[in-house]
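Worksheet: one structure, shown below.
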Amino acid sequence: MLTRKNTVPIVSRSEKMGRDMRRKVTKAIFPVAGMGTRFLPATKAVPKEILSLVDRPLIQYAIDEAREAGIKEFIFVTSRGKSALEDYFDHSPNLEQELRKKGKIELLEQVRNTNMESGAIAYIRQHKALGLGHAVWCARRLIANEPFAVILPDDVIAGEESCLKQMVEAYEETGGSMVAAMEVPPEKASAYGVLDVKDDMGTMVSVKGMVEKPSVEDAPSNLAVIGRYILTPDVLNNIQKLKAGSGGEIQLTDAIAAEIEQERDVFGYRFRGQRFDCGSKAGFLQATVAFALARDDLKDDLSRYLHEIMAVKNAAQ
Ligand code: UTP
């Protein structure tokens, strides 16, 4: 039970051990089977998740965030045309050998960090883009009966501590299902899944309803769901029963909302960090600038350039 002050209740050692086992999150699903139409024509040949912020693909940020949160099994739900993702995580002995020969040790380390341990990654195909909920459901056999995380790689979250790690720690206390939540301007709420809040405890809210892309008038709050989830396997059963919802797709939000109707706990978690919507062009560009300005090797040249073009733009107005 959470109290308004987020205090932790007293539990016995054995009770805590049993609970910790039940609440250990070691699997994450990365749904990457979408068509990425907002980045056409680039995404005709390159998966959206391989598009890079400076020199690191979106998927790398998602993987690093998951690793920091203690995830051990990485399940990709892919589709036709996404094989570049499999190549990206594969070992590349020739490239590594060349870099070693040339003494490019730092680069070699960076390349090695993209390698995934054999057996840690699984790829499942979603044969038809029927929606995020359906993509998650495609991974059901690999999830079996454990809680699992879902990470949407086009939501990139910059911050001191991995967003998923924050959520995993909170989840160990609460159980239930949990979604990352962020306040958005009311007029933008209709672009998101939106939470109907039962009790606001600060970092955490308990949720009494969820609506996918509500009209501005129907939005129950301005607390929007961002692409990080920790879900119980029951959600997979709910997805199975769903028909297409908003936009003709099988929505994950609807399956989580069904959890609430079944009187199971659902929480929203206000994460610490800055979220970039890299599924949109504007968000992707903002993230590119922000990540480049955070780099010692790029920040001086880039900020000088940004000042110059802003000065020219302002002078022209
Ligand atoms: P988006 O709504 O961003 O769709 O999906 P999209 O296809 O990636 O991009 P646009 O809107 O056409 O530009 C959110 C997440 O859900 C995944 C996407 O890959 C993305 O990570 N998804 C969506 C699936 O895996 N399968 C689907 O059927 C739909």
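Just so we're on the same page: first chain in the structure tokens is A, next is B, and so on; residues restart at 1 for each chain, and ligands are numbered from 1 in the order they show up.
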
Can you pull out the residues contacting stretch 285-294 of chain A? Cut-off 10 Å, using only C-alpha atoms, and skip same-chain residues under 3 positions away; I want them as a ChimeraX atom specification. /A:52-55,156-158,274-278,280-282,297-303,306

Give me a file of those residues, with N, CA, C and O atoms, as a tab-separated table (two decimals), in the first residue's frame.
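part.tsv, freshly written:
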chain	number	residue	atom	x	y	z
A	52	SER	N	19.49	7.87	-35.85
A	52	SER	CA	20.42	8.15	-34.75
A	52	SER	C	20.32	9.56	-34.20
A	52	SER	O	20.15	10.51	-34.96
A	53	LEU	N	20.45	9.67	-32.89
A	53	LEU	CA	20.65	10.96	-32.25
A	53	LEU	C	22.16	11.14	-32.18
A	53	LEU	O	22.83	10.41	-31.44
A	54	VAL	N	22.68	12.01	-32.98
A	54	VAL	CA	24.11	12.20	-33.20
A	54	VAL	C	24.72	10.91	-33.80
A	54	VAL	O	24.72	10.77	-35.01
A	55	ASP	N	25.17	9.97	-32.99
A	55	ASP	CA	25.76	8.75	-33.57
A	55	ASP	C	25.26	7.47	-32.91
A	55	ASP	O	25.83	6.41	-33.11
A	156	VAL	N	12.44	8.80	-26.15
A	156	VAL	CA	13.78	8.79	-25.54
A	156	VAL	C	13.72	9.66	-24.29
A	156	VAL	O	13.22	10.79	-24.34
A	157	ILE	N	14.19	9.11	-23.17
A	157	ILE	CA	14.10	9.86	-21.91
A	157	ILE	C	15.51	10.09	-21.38
A	157	ILE	O	16.23	9.15	-21.07
A	158	ALA	N	15.89	11.37	-21.34
A	158	ALA	CA	17.22	11.73	-20.85
A	158	ALA	C	17.11	12.08	-19.38
A	158	ALA	O	16.14	12.70	-18.95
A	274	GLN	N	13.86	14.07	-18.97
A	274	GLN	CA	13.24	14.82	-20.06
A	274	GLN	C	12.92	13.87	-21.19
A	274	GLN	O	13.80	13.15	-21.67
A	275	ARG	N	11.65	13.88	-21.60
A	275	ARG	CA	11.24	12.95	-22.63
A	275	ARG	C	11.21	13.67	-24.00
A	275	ARG	O	10.72	14.79	-24.11
A	276	PHE	N	11.74	12.98	-24.99
A	276	PHE	CA	11.70	13.49	-26.35
A	276	PHE	C	10.85	12.54	-27.19
A	276	PHE	O	11.09	11.32	-27.16
A	277	ASP	N	9.91	13.09	-27.93
A	277	ASP	CA	9.09	12.27	-28.81
A	277	ASP	C	9.82	12.10	-30.14
A	277	ASP	O	9.60	12.87	-31.09
A	278	CYS	N	10.69	11.10	-30.20
A	278	CYS	CA	11.49	10.91	-31.40
A	278	CYS	C	10.73	10.19	-32.51
A	278	CYS	O	11.30	9.88	-33.55
A	280	SER	N	8.27	11.77	-33.77
A	280	SER	CA	7.86	12.92	-34.59
A	280	SER	C	9.11	13.66	-35.04
A	280	SER	O	10.14	13.62	-34.36
A	281	LYS	N	9.00	14.33	-36.17
A	281	LYS	CA	10.19	15.01	-36.71
A	281	LYS	C	10.67	16.11	-35.77
A	281	LYS	O	11.86	16.23	-35.50
A	282	ALA	N	9.71	16.89	-35.24
A	282	ALA	CA	10.11	18.00	-34.37
A	282	ALA	C	10.81	17.47	-33.12
A	282	ALA	O	11.86	17.98	-32.71
A	297	ASP	N	32.55	17.12	-27.36
A	297	ASP	CA	33.18	17.26	-28.68
A	297	ASP	C	32.34	18.06	-29.66
A	297	ASP	O	32.82	18.41	-30.74
A	298	LEU	N	31.10	18.35	-29.34
A	298	LEU	CA	30.22	19.02	-30.31
A	298	LEU	C	29.64	20.33	-29.83
A	298	LEU	O	29.25	21.18	-30.63
A	299	LYS	N	29.55	20.50	-28.49
A	299	LYS	CA	28.71	21.59	-27.97
A	299	LYS	C	29.18	22.98	-28.41
A	299	LYS	O	28.35	23.83	-28.73
A	300	ASP	N	30.49	23.23	-28.46
A	300	ASP	CA	30.95	24.58	-28.77
A	300	ASP	C	30.59	24.97	-30.21
A	300	ASP	O	29.99	26.01	-30.45
A	301	ASP	N	30.95	24.09	-31.15
A	301	ASP	CA	30.66	24.38	-32.57
A	301	ASP	C	29.15	24.52	-32.79
A	301	ASP	O	28.71	25.44	-33.47
A	302	LEU	N	28.39	23.62	-32.19
A	302	LEU	CA	26.96	23.64	-32.44
A	302	LEU	C	26.30	24.88	-31.83
A	302	LEU	O	25.49	25.54	-32.48
A	303	SER	N	26.68	25.22	-30.59
A	303	SER	CA	25.99	26.37	-29.99
A	303	SER	C	26.37	27.66	-30.73
A	303	SER	O	25.53	28.53	-30.92
A	306	LEU	N	24.16	27.66	-33.75
A	306	LEU	CA	22.76	27.97	-33.41
A	306	LEU	C	22.58	29.46	-33.14
A	306	LEU	O	21.60	30.07	-33.59

Hey, what's within 6 Å of stretch 221-235 of chain A if we count only C-alpha atoms and toss same-chain stuff fewer than 2 positions away? As a PyMOL selection string, please? chain A and resi 145+147-152+155+177-184+186+189+192-195+219+237-238+255

A:Gln126, A:Thr37, A:Ser92, A:Gln317 ranked by distance to A:Arg112, top pick (using only C-alpha atoms):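 Answer, going by the shortest atom-to-atom distance: A:Ser92.
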
Cut-off 6 Å, only C-alpha atoms and all ligand atoms, neighbours of ligand 1 as a PyMOL selection string: chain A and resi 31-38+129-132+135+152-153+279

Limited to all heavy atoms, could you put the picked residues into a file as a short mmCIF file (atom, residue, chain, number, x, y, z; two decimals), in the first residue's frame?
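Result file selection-v6.cif:
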data_model
loop_
_atom_site.label_atom_id
_atom_site.label_comp_id
_atom_site.auth_asym_id
_atom_site.auth_seq_id
_atom_site.Cartn_x
_atom_site.Cartn_y
_atom_site.Cartn_z
N PRO A 31 8.49 -3.11 -28.81
CA PRO A 31 7.67 -3.22 -30.03
C PRO A 31 8.23 -2.30 -31.11
O PRO A 31 8.24 -1.08 -30.94
CB PRO A 31 6.28 -2.74 -29.58
CG PRO A 31 6.37 -2.57 -28.08
CD PRO A 31 7.81 -2.32 -27.78
N VAL A 32 8.73 -2.88 -32.17
CA VAL A 32 9.36 -2.07 -33.23
C VAL A 32 8.82 -2.47 -34.60
O VAL A 32 9.52 -2.39 -35.60
CB VAL A 32 10.91 -2.21 -33.20
CG1 VAL A 32 11.48 -1.56 -31.95
CG2 VAL A 32 11.36 -3.67 -33.26
N ALA A 33 7.56 -2.92 -34.60
CA ALA A 33 7.00 -3.42 -35.86
C ALA A 33 6.19 -2.36 -36.61
O ALA A 33 5.69 -2.62 -37.69
CB ALA A 33 6.10 -4.62 -35.57
N GLY A 34 6.10 -1.15 -36.05
CA GLY A 34 5.32 -0.09 -36.71
C GLY A 34 5.97 0.32 -38.02
O GLY A 34 7.13 0.03 -38.28
N MET A 35 5.19 1.03 -38.84
CA MET A 35 5.69 1.37 -40.18
C MET A 35 6.51 2.65 -40.21
O MET A 35 7.19 2.94 -41.19
CB MET A 35 4.52 1.45 -41.15
CG MET A 35 3.98 0.05 -41.45
SD MET A 35 2.74 0.04 -42.72
CE MET A 35 1.30 0.43 -41.77
N GLY A 36 6.43 3.43 -39.14
CA GLY A 36 7.24 4.66 -39.09
C GLY A 36 6.92 5.61 -40.23
O GLY A 36 7.82 6.21 -40.82
N THR A 37 5.63 5.78 -40.52
CA THR A 37 5.25 6.57 -41.70
C THR A 37 5.67 8.04 -41.58
O THR A 37 5.88 8.71 -42.60
CB THR A 37 3.73 6.51 -41.94
OG1 THR A 37 3.07 6.87 -40.72
CG2 THR A 37 3.29 5.13 -42.38
N ARG A 38 5.81 8.53 -40.34
CA ARG A 38 6.16 9.95 -40.19
C ARG A 38 7.59 10.23 -40.63
O ARG A 38 7.96 11.38 -40.79
CB ARG A 38 5.94 10.40 -38.74
CG ARG A 38 4.47 10.63 -38.43
CD ARG A 38 4.23 10.86 -36.97
NE ARG A 38 4.38 9.63 -36.21
CZ ARG A 38 4.37 9.57 -34.88
NH1 ARG A 38 4.21 10.67 -34.19
NH2 ARG A 38 4.49 8.41 -34.25
N ALA A 129 0.58 -4.92 -38.94
CA ALA A 129 0.66 -3.84 -37.95
C ALA A 129 -0.75 -3.56 -37.40
O ALA A 129 -1.43 -2.63 -37.83
CB ALA A 129 1.25 -2.59 -38.59
N LEU A 130 -1.17 -4.39 -36.44
CA LEU A 130 -2.53 -4.26 -35.90
C LEU A 130 -2.58 -3.40 -34.65
O LEU A 130 -3.60 -3.33 -33.97
CB LEU A 130 -3.09 -5.67 -35.59
CG LEU A 130 -3.34 -6.55 -36.81
CD1 LEU A 130 -3.82 -7.94 -36.39
CD2 LEU A 130 -4.38 -5.92 -37.74
N GLY A 131 -1.46 -2.78 -34.30
CA GLY A 131 -1.46 -1.88 -33.15
C GLY A 131 -0.49 -2.32 -32.07
O GLY A 131 -0.03 -3.47 -32.04
N LEU A 132 -0.20 -1.38 -31.16
CA LEU A 132 0.78 -1.62 -30.09
C LEU A 132 0.35 -2.79 -29.19
O LEU A 132 1.16 -3.64 -28.81
CB LEU A 132 0.96 -0.34 -29.28
CG LEU A 132 1.83 -0.43 -28.04
CD1 LEU A 132 3.25 -0.87 -28.39
CD2 LEU A 132 1.87 0.92 -27.33
N ALA A 135 1.05 -5.95 -30.88
CA ALA A 135 2.50 -6.21 -30.94
C ALA A 135 2.97 -6.83 -29.62
O ALA A 135 3.72 -7.82 -29.61
CB ALA A 135 3.26 -4.91 -31.23
N LEU A 152 8.97 1.72 -25.57
CA LEU A 152 8.84 2.21 -26.94
C LEU A 152 10.07 3.05 -27.25
O LEU A 152 10.27 4.12 -26.66
CB LEU A 152 7.57 3.07 -27.10
CG LEU A 152 6.25 2.43 -26.67
CD1 LEU A 152 5.08 3.29 -27.13
CD2 LEU A 152 6.11 1.01 -27.20
N PRO A 153 10.92 2.56 -28.16
CA PRO A 153 12.21 3.22 -28.36
C PRO A 153 12.10 4.64 -28.92
O PRO A 153 13.06 5.41 -28.81
CB PRO A 153 12.93 2.32 -29.37
CG PRO A 153 12.18 1.04 -29.35
CD PRO A 153 10.78 1.35 -28.96
N GLY A 279 9.44 9.91 -32.28
CA GLY A 279 8.60 9.39 -33.35
C GLY A 279 8.08 10.51 -34.22
O GLY A 279 7.50 10.27 -35.28
#

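The residues of stretch 1-159 of chain A that DSSP classifies as strand (DSSP E), using the backbone of this structure, are A:Lys27, A:Ala28, A:Ile29, A:Phe30, A:Pro31, A:Ser52, A:Leu53, A:Arg56, A:Pro57, A:Glu73, A:Phe74, A:Ile75, A:Phe76, A:Val77, A:Thr78, A:Ile121, A:Ala122, A:Tyr123, A:Ile124, A:Arg125, A:Phe148, A:Ala149, A:Val150, A:Ile151, A:Asp155, A:Val156, A:Ile157, A:Ala158.
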
Mind listing the helix (DSSP H, G or I) residues of stretch 40-197 of chain A, per DSSP on the backbone, as JSON, numbers by chain? {"A": [42, 43, 44, 45, 48, 49, 50, 58, 59, 60, 61, 62, 63, 64, 65, 66, 67, 68, 83, 84, 85, 86, 87, 88, 89, 93, 94, 95, 96, 97, 98, 99, 100, 101, 105, 106, 107, 108, 109, 110, 111, 112, 113, 132, 133, 134, 135, 136, 137, 140, 141, 142, 143, 163, 164, 165, 166, 167, 168, 169, 170, 171, 172, 173, 174, 186, 187, 188, 189, 190, 191]}
